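A.B. asks: Handing you a structure now.
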Amino acid sequence: MTAPGSSTLGPPLGEPVAVVPGGDSWDRVREDLATHGTALVYAWLRDLEPALPTGDGLRGLLGRDWTRFLDLTHADVRGRYIASRMLLKYAAGAVLASEPADLELAYGPTGRPYLRGCDQIDISLSHTEDLLLVGLTTCGLIGVDAERADREMYGSGLGRHICTPYELVLLSGMPEEERNGALVRLWTLKEAYSKAIGQGMQFRFTEFGFGPDGRPVRVQRPDGTAGTGDEWIFRTFPLADGYVVSAAVYDAGFGRLQDAHVTTMLDQDCVDAITEALGEGPADRRPQAEDGSGGRGLERPAGE
C-alpha cells in the first residue's frame with residue numbers, strides 16, 4: 001500500500017478533467033465518456049463563484065432542490081450547495097446534450113442522487129472545502145469521493161474505526177510517513193464504493209477493505225480475501241492543491257452505450273426493429289442535429 005496515486009494497472013479510466021467557466025474542457029468530458037464509459041469532472045469553488053446564478057436563474061437551475069436550498073442557513077454551505085449542483089447539471093448537460101435547467105435531480109430512498117428520466121447515465125457527487133467533484137458513467141453505477149491528502153487520520157486513531165483487521169496489518173507494516181496518505185486513500189475508496197452501492201455511511205467501513213495501491217484494486221473481505229471481481233473498477237488520483245479523489249465504477253455488463261444524448265439515446269437495434277415494424281426498413285442512421293452532435297451542444301458552464 002503506497003501513498004495516494006493513480007495506478008497504471010487495471011481497466012482504463014480517464015484522469016479527472018478540470019473545468020472552469022468559459023473553458024474548453026467539455027469536449028474532453030464527452031470524449032472520456034465515449035471512450036471509457038466514465039468521466040470524472042472537478043472544479044474549484046473559487047472559480048465557479050463568480051458564475052453562480054441568482055434569482056430566477058438559481059431557482060430554475062436548482063428545480064426541486066430549491067426547497068432544500070432554502071433550509072440551509074450558513075452562507076458558505078449555501079454557496080457550496082449551489083456550486084455543486086451547477087457543476088453536476090452542467091457536466092450532465094454536456095454529455096446528454098441537454099440544457100442544465102431541463103435536468104431534474106432526484107434522490108433514492110437512501111439519499112443517492114440520480115437524474116430523473118435519464119437512466120442511461122449514473123451520477124455521483126462529492127465536495128470538500130474548495131473542491132467539487134462529479135462522476136458520470138454509462139456503464140452501470142458510480143461513486144466518487146474527495147478529501148485533502150494531508151488530512152490527519154492515522155495519528156488520530158481513525159484507522160481502527162475505518163479499517164479491516166487485514167488493512168490494519170498492512171498499514172502497520174508501512175513506513176510511518178506513508179501511513180496517513182494510505183489511510184486517506186482507503187477512506188476515499190470506501191466512501192466512493194459506499195456511494196456507488198447506495199449505502200453511504202450505513203455500511204460499516206470495518207466490514208470491507210481494499211488492498212495495496214499499485215495493483216488491480218478489488219473490494220476485500222475483512223480477512224483480505226477477494227470480495228468483488230472485474231465488474232468493479234477502482235481508481236485513486238492526486239489533484240492539485242493537495243487533494244485526492246477516488247472513483248468506484250460498477251460495470252453492469254450491458255455493453256458500451258454509444259449515444260447518451262437525450263434526443264438520440266435509443267439503441268440502434270431498437271430503432272431498426274421499430275422502423276422495420278412500421279414497414280420503413282432498417283434505420284440507416286440516428287437523427288442528428290445540424291452540428292452533428294445529435295442534440296443541443298453545451299460548451300461552457302453557467303454564466304458564460
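All residue names refer to the C-alpha cells as shown: chains lettered A, B, ... in order, residues numbered from 1 in each chain, ligands numbered from 1 in order.
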Once you count only C-alpha atoms, what closest atom pair and distance in Å to one decimal does each residue of stretch 52-122 of chain A within 9 Å of stretch 34-46 of chain A have, with rows by chain and rising residue number, as CSV?

C.D. replies:
residue,atom,partner,partner_atom,distance
A:Gly79,CA,A:Leu45,CA,8.5
A:Arg80,CA,A:Leu45,CA,7.1
A:Ala83,CA,A:Leu45,CA,6.8
A:Ser84,CA,A:Leu45,CA,8.6
A:Leu87,CA,A:Ala43,CA,7.6
A:Leu88,CA,A:Val41,CA,8.7
A:Ala91,CA,A:Val41,CA,7.3

A.B. asks: Please produce an output containing N, CA, C and O atoms for each residue in the selection, written as a PDB file, in the first residue's frame.

C.D. replies:
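As a result, part.pdb now contains:
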ATOM      1  N   GLY A  79     -23.396  28.470  -0.688  1.00  0.00           N
ATOM      2  CA  GLY A  79     -22.577  28.668  -1.875  1.00  0.00           C
ATOM      3  C   GLY A  79     -22.049  27.363  -2.433  1.00  0.00           C
ATOM      4  O   GLY A  79     -22.063  27.137  -3.652  1.00  0.00           O
ATOM      5  N   ARG A  80     -21.586  26.494  -1.553  1.00  0.00           N
ATOM      6  CA  ARG A  80     -21.069  25.196  -1.995  1.00  0.00           C
ATOM      7  C   ARG A  80     -22.186  24.329  -2.565  1.00  0.00           C
ATOM      8  O   ARG A  80     -21.982  23.587  -3.526  1.00  0.00           O
ATOM      9  N   ALA A  83     -22.945  25.628  -6.078  1.00  0.00           N
ATOM     10  CA  ALA A  83     -21.850  25.313  -6.994  1.00  0.00           C
ATOM     11  C   ALA A  83     -21.829  23.832  -7.350  1.00  0.00           C
ATOM     12  O   ALA A  83     -21.588  23.462  -8.500  1.00  0.00           O
ATOM     13  N   SER A  84     -22.078  22.968  -6.365  1.00  0.00           N
ATOM     14  CA  SER A  84     -22.049  21.533  -6.630  1.00  0.00           C
ATOM     15  C   SER A  84     -23.169  21.130  -7.580  1.00  0.00           C
ATOM     16  O   SER A  84     -22.963  20.317  -8.496  1.00  0.00           O
ATOM     17  N   LEU A  87     -22.286  22.446 -11.126  1.00  0.00           N
ATOM     18  CA  LEU A  87     -21.292  21.619 -11.792  1.00  0.00           C
ATOM     19  C   LEU A  87     -21.905  20.302 -12.251  1.00  0.00           C
ATOM     20  O   LEU A  87     -21.671  19.847 -13.381  1.00  0.00           O
ATOM     21  N   LEU A  88     -22.705  19.677 -11.390  1.00  0.00           N
ATOM     22  CA  LEU A  88     -23.323  18.402 -11.737  1.00  0.00           C
ATOM     23  C   LEU A  88     -24.238  18.537 -12.947  1.00  0.00           C
ATOM     24  O   LEU A  88     -24.158  17.754 -13.906  1.00  0.00           O
ATOM     25  N   ALA A  91     -22.230  19.382 -16.159  1.00  0.00           N
ATOM     26  CA  ALA A  91     -21.479  18.219 -16.637  1.00  0.00           C
ATOM     27  C   ALA A  91     -22.423  17.219 -17.293  1.00  0.00           C
ATOM     28  O   ALA A  91     -22.145  16.685 -18.379  1.00  0.00           O
TER      29      ALA A  91
END

A.B. asks: In stretch 161-238 of chain A, what's helix (DSSP H, G or I) per DSSP? Answer as a ChimeraX atom specification?

C.D. replies: /A:161-162,165-172,176-196,200-202,205-207

A.B. asks: Determine, counting only C-alpha atoms, which protein, DNA and RNA residues have an atom within 12 Å of an atom of A:Gly108; residues of the same chain fewer than 6 positions away are not included. Present the result as a list in words.

C.D. replies: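 Near A:Gly108, the qualifying residues are Tyr114, Leu115, Arg116, Lys195, Ile197, Gly198, Gln199 and Gly200 of chain A.
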
A.B. asks: For the strand (DSSP E) assignment from backbone DSSP, which residues of stretch 9-106 of chain A qualify? Please present them as a PyMOL selection string.

C.D. replies: chain A and resi 17-18+38-44+105-106

A.B. asks: Can you write out as CSV which residues of stretch 102-174 of chain A fall within 12 Å of stretch 203-221 of chain A, alongside each residue's closest atom pair and its distance in Å to one decimal, counting only C-alpha atoms and ordering rows by chain and ascending residue number?

C.D. replies:
residue,atom,partner,partner_atom,distance
A:Thr110,CA,A:Phe203,CA,11.7
A:Leu158,CA,A:Phe205,CA,11.1
A:Gly159,CA,A:Thr206,CA,9.4
A:Arg160,CA,A:Thr206,CA,8.0
A:His161,CA,A:Thr206,CA,6.6
A:Ile162,CA,A:Phe205,CA,4.8
A:Cys163,CA,A:Thr206,CA,4.9
A:Thr164,CA,A:Thr206,CA,4.6
A:Pro165,CA,A:Thr206,CA,7.9
A:Tyr166,CA,A:Gly209,CA,8.1
A:Glu167,CA,A:Gly209,CA,6.8
A:Leu168,CA,A:Gly209,CA,10.1
A:Val169,CA,A:Gly211,CA,11.1
A:Leu170,CA,A:Pro212,CA,8.0
A:Leu171,CA,A:Pro212,CA,9.5
A:Gly173,CA,A:Pro212,CA,11.7
A:Met174,CA,A:Pro212,CA,10.6

A.B. asks: Let me see the file: selected residues, C-alpha atoms, as a compact mmCIF listing (two decimals), in the first residue's frame.

C.D. replies:
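Full text of again-v5.txt as output:
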# COMPACT_ATOMS: atom_id res chain seq x y z
CA THR A 110 -31.01 6.26 0.87
CA LEU A 158 -9.29 6.75 12.99
CA GLY A 159 -7.66 3.68 11.47
CA ARG A 160 -9.25 1.25 13.91
CA HIS A 161 -12.70 2.69 13.14
CA ILE A 162 -12.46 2.51 9.33
CA CYS A 163 -10.06 -0.35 8.60
CA THR A 164 -10.45 -4.12 8.49
CA PRO A 165 -8.00 -6.25 10.51
CA TYR A 166 -6.13 -7.04 7.29
CA GLU A 167 -5.82 -3.34 6.39
CA LEU A 168 -4.50 -2.51 9.86
CA VAL A 169 -1.78 -5.11 9.43
CA LEU A 170 -0.81 -3.65 6.05
CA LEU A 171 -0.73 -0.11 7.45
CA GLY A 173 3.95 -2.64 8.11
CA MET A 174 4.41 0.56 6.08

A.B. asks: Can you list, as a PyMOL selection string, every protein, DNA or RNA residue that comes within 7 Å of A:Cys139 when you count only C-alpha atoms, leaving out same-chain residues fewer than 5 positions away?

C.D. replies: chain A and resi 37+250-252+256
